[in-house]
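**Q** To start, I am sharing the structure in question, which I have written as C-alpha cells.
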Amino acid sequence: MKPDTDNHIKTSPFGTLKASEHHLRVLENAVQSARNGIVITDPLLPDNPIIFSNIAFSELTGYELSEIIGKNCRFLQGMDSDQAELDVLRSAIKEEKPCIVTLRNYKKDGTLFWNELSVAPVMNEDGICVNFIGVQNDITARKEAERQVSEFHSMVSHELRTPLTSIKASLGLVEDGDAGHIPAPAKRLIQIATQNAQRLLKLVDDILDLKRMESGKLQLNFTIVNPDELVEDAVNSLNELAKANGVSFEKEIATTRAFCADPERVTQVLFNLIGNAIKFSPSNGKITIRVEDEGKQIRFSVKDEGPGIAQDQQGKLFHKFSQVDSSDTRPQPGSGLGLSISKKILDLHGGEIGVVSRHGEGALFWFALPVVPKVNG
Ligand SMILES: Cc1cc2nc3c(=O)[nH]c(=O)nc-3n(C[C@H](O)[C@H](O)[C@H](O)COP(=O)(O)O)c2cc1C
C-alpha cells in the first residue's frame with residue numbers, strides 16, 4: 001500500500017509514525033505504566049516547571065498531580081538543598097547535557113528517600129532544548145543495604161584485627177621461648193597456629209584495604225622508586241614461604257630506571273602476585289620475575305610453572321572473592337581479594353594489570369606502571 005504522506009511523519013522507534021491519537025495514547029499508556037517516576041519540565045517557562053508527571057511520580061512522592069504540575073522539582077528537597085550532587089545537576093541543566101545524580105528527597109509526609117535521578121534535555125528539530133525529562137528511581141532500600149554491609153565490614157574487621165594481632169604476638173613470644181622452654185612437638189603446633197593467625201590477619205587487612213579503596217579513602221604516597229628494589233623487597237618477604245614450598249626464584253631485571261609510584265602499594269602488588277605464584281607452583285617449580293622498560297611504562301611480570309588458568313576463567317580473576325576453580329588445582333588458601341586489590345592499586349596509579357595463561361601451561365601475571373603517574377583517584 002502506498003503510504004499516505006500527509007499522515008506519515010519521520011521514522012521513529014515505532015517505525016514510520018502515523019501522527020495519530022493512537023500513537024500518543026500508546027506513549028502515554030507506556031509512560032503511565034512505568035514503575036519509575038517520570039516528569040517533563042518546560043525550560044522555556046519561568047523556573048522550569050513540571051508540565052507532566054506520571055502516576056509513579058505521585059505514588060513515589062505522595063503528592064497529588066494538582067500539587068505537582070507547575071512546580072519546579074526542587075520542592076522534593078525541602079530544606080535539604082545543600083547537596084554536592086546538586087551542583088552537578090545544575091551544571092548539566094545549564095549546559096543542556098544529560099546526567100545522573102543521587103539526591104536526598106522528601107515525600108509529602110516528610111519521609112526521606114534516596115532519589116537516583118536521571119535528567120536529559122529534549123531537543124526539537126532545530127536543536128533547541130524545549131523540555132527536560134527526569135526519571136526518578138527510589139534507591140532507598142539499596143542505600144540502606146549498602147550502609148549495613150559497610151558497617152558490618154568495618155565492625156568485623158576492627159573487632160577481629162585487635163585480638164588477632166595480640167594472639168599472633170603472644171604466639172610469637174611463646175615460639176621464641178620467651179615464656180619458657182617448649183618441647184619440639186608443641187613448637188610445631190605453635191608455628192601452625194602462628195601461620196593461621198597471620199593468614200586471618202592478612203584477610204582482615206585485605207578487607208580493610210578494599211573498603212578504603214572502594215570508598216576512595218586510600219591515598220597513594222608517590223615517591224621516586226627503583227624497580228629492582230621493589231622486587232627485592234617483595235622477594236625477601238616471601239623467601240621463607242618459597243623455601244617451604246620448594247620453589248625457587250629467577251630475577252630478570254632488565255631495567256633499574258627509577259619512576260614515580262607508591263612503593264608500599266607496588267610491593268603489595270608484587271607480594272600478591274609472587275605469593276599466588278608460590279601457592280600454585282609445583283614443588284621444584286621456578287618463578288621468573290621480570291622487569292622491563294617500555295618507554296612510558298615500567299612493566300613487571302611474574303611467571304610460574306603451575307597448572308595455568310583456562311581462558312574462560314581469566315575474566316573473573318580480578319573480581320572480588322574470586323578464585324579460579326579447576327579440577328586438577330589444589331584448593332588454595334587465600335581470601336580471593338589479592339588480585340582485585342592489586343587491580344585497584346594499579347587503577348589508582350593509572351596503570352594496567354593482566355594475565356597470559358593457558359590451561360596446563362603456567363601463568364604469567366603482568367602489570368605496567370606509568371613512569372609519570374596518570375593519577376585516577
Ligand atoms: C526534568 C527534571 C527533573 C528533576 N527532578 C528532580 C527530583 O526528582 N528531585 C530533585 O530534588 N530535583 C529534581 N530536579 C532538579 C531541580 O528542579 C533543580 O534543577 C535543582 O534543584 C537545581 O536547581 P536550583 O538550585 O534552582 O534548585 C529535576 C530537574 C529537572 C530538569
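Naming works like this for the C-alpha cells: A, B, ... for the chains as they're shown, residue 1 at the start of each chain, ligands 1 onward in shown order.
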Could you build a table of the residues in chain A lying no more than 6 Å from ligand 1, giving for each the nearest pair of atoms and their separation in Å rounded to one decimal place, using only C-alpha atoms and all ligand atoms, ordered by chain and ascending residue number, as a Markdown table?

**A**
```
| residue | atom | partner | partner_atom_place_in_ligand_line | distance |
| --- | --- | --- | --- | --- |
| A:Val39 | CA | ligand 1 | 1 (C) | 5.9 |
| A:Ile40 | CA | ligand 1 | 1 (C) | 5.4 |
| A:Thr41 | CA | ligand 1 | 1 (C) | 5.3 |
| A:Asn72 | CA | ligand 1 | 17 (O) | 5.1 |
| A:Cys73 | CA | ligand 1 | 17 (O) | 3.9 |
| A:Arg74 | CA | ligand 1 | 16 (C) | 4.3 |
| A:Leu76 | CA | ligand 1 | 11 (O) | 5.0 |
| A:Gln77 | CA | ligand 1 | 11 (O) | 4.9 |
| A:Leu86 | CA | ligand 1 | 22 (C) | 5.7 |
| A:Arg90 | CA | ligand 1 | 22 (C) | 4.9 |
| A:Asn105 | CA | ligand 1 | 11 (O) | 5.7 |
| A:Val119 | CA | ligand 1 | 1 (C) | 5.3 |
| A:Phe132 | CA | ligand 1 | 1 (C) | 4.5 |
| A:Ile133 | CA | ligand 1 | 1 (C) | 4.2 |
| A:Gly134 | CA | ligand 1 | 1 (C) | 3.7 |
| A:Gln136 | CA | ligand 1 | 8 (O) | 5.7 |
```

**Q** Do a neighbour search on range 208-215 of chain A at 10 Å with only C-alpha atoms, toss out local chain neighbours closer than 3 positions, and write the hits as a PyMOL selection string.

**A** chain A and resi 150+153-154+156-158+161+202-205+218-219+320+337-338+340-342+344-345+348+377

**Q** Deliver the residues from the most recent selection as a file, using N, CA and C atoms, as a compact mmCIF listing (two decimals), in the first residue's frame.

**A**
```
# COMPACT_ATOMS: atom_id res chain seq x y z
N SER A 150 28.51 -2.17 54.74
CA SER A 150 29.74 -1.46 55.01
C SER A 150 30.00 -1.35 56.52
N HIS A 153 31.15 -4.74 57.65
CA HIS A 153 32.55 -4.96 57.26
C HIS A 153 33.50 -4.30 58.24
N SER A 154 33.23 -3.02 58.52
CA SER A 154 34.22 -2.32 59.34
C SER A 154 34.15 -2.81 60.78
N VAL A 156 33.35 -5.95 61.77
CA VAL A 156 34.02 -7.26 61.82
C VAL A 156 35.53 -7.07 61.71
N SER A 157 35.91 -6.23 60.74
CA SER A 157 37.35 -6.06 60.52
C SER A 157 38.06 -5.53 61.76
N HIS A 158 37.49 -4.47 62.37
CA HIS A 158 38.17 -3.90 63.52
C HIS A 158 38.09 -4.79 64.75
N ARG A 161 40.64 -7.50 64.17
CA ARG A 161 42.04 -7.15 63.99
C ARG A 161 42.80 -7.05 65.33
N LYS A 202 45.92 -11.21 57.48
CA LYS A 202 46.08 -10.75 56.09
C LYS A 202 44.69 -10.57 55.47
N LEU A 203 43.79 -11.50 55.75
CA LEU A 203 42.43 -11.41 55.20
C LEU A 203 41.73 -10.14 55.71
N VAL A 204 41.84 -9.90 57.02
CA VAL A 204 41.22 -8.71 57.61
C VAL A 204 41.82 -7.44 56.99
N ASP A 205 43.15 -7.42 56.84
CA ASP A 205 43.80 -6.26 56.25
C ASP A 205 43.35 -6.06 54.80
N LEU A 218 41.66 5.70 50.07
CA LEU A 218 43.06 5.30 50.08
C LEU A 218 43.89 6.33 49.32
N GLN A 219 44.85 6.90 50.02
CA GLN A 219 45.73 7.90 49.40
C GLN A 219 47.05 7.23 49.04
N LYS A 320 36.31 -9.36 43.06
CA LYS A 320 36.37 -9.65 44.49
C LYS A 320 36.03 -11.12 44.80
N LEU A 337 41.04 -11.92 47.46
CA LEU A 337 40.97 -10.46 47.35
C LEU A 337 42.24 -9.86 46.76
N GLY A 338 43.34 -10.65 46.80
CA GLY A 338 44.65 -10.12 46.40
C GLY A 338 44.65 -9.50 45.02
N SER A 340 42.05 -8.48 43.17
CA SER A 340 41.18 -7.31 42.98
C SER A 340 41.80 -6.09 43.67
N ILE A 341 42.49 -6.31 44.80
CA ILE A 341 43.21 -5.20 45.44
C ILE A 341 44.33 -4.71 44.52
N SER A 342 45.04 -5.67 43.92
CA SER A 342 46.14 -5.29 43.02
C SER A 342 45.61 -4.44 41.88
N LYS A 344 42.99 -2.58 41.84
CA LYS A 344 42.61 -1.24 42.31
C LYS A 344 43.86 -0.37 42.51
N ILE A 345 44.94 -0.98 43.03
CA ILE A 345 46.19 -0.22 43.23
C ILE A 345 46.70 0.27 41.87
N LEU A 348 44.62 3.13 40.61
CA LEU A 348 44.94 4.39 41.29
C LEU A 348 46.23 5.02 40.73
N GLY A 377 42.64 8.62 41.02
CA GLY A 377 41.77 8.80 42.17
C GLY A 377 42.51 9.19 43.39
```

**Q** Tell me, which residues of range 136-377 of chain A carry DSSP strand (DSSP E), written as a PyMOL selection string?

**A** chain A and resi 136-138+223-225+248-253+259-261+286-293+297-303+352-357+363-370

**Q** Could you list, as a ChimeraX atom specification, every residue within 12 Å of range 50-53 of chain A, counting only C-alpha atoms and ignoring same-chain residues fewer than 2 positions away?

**A** /A:28,31-34,36-48,55-61,63-75,130-136
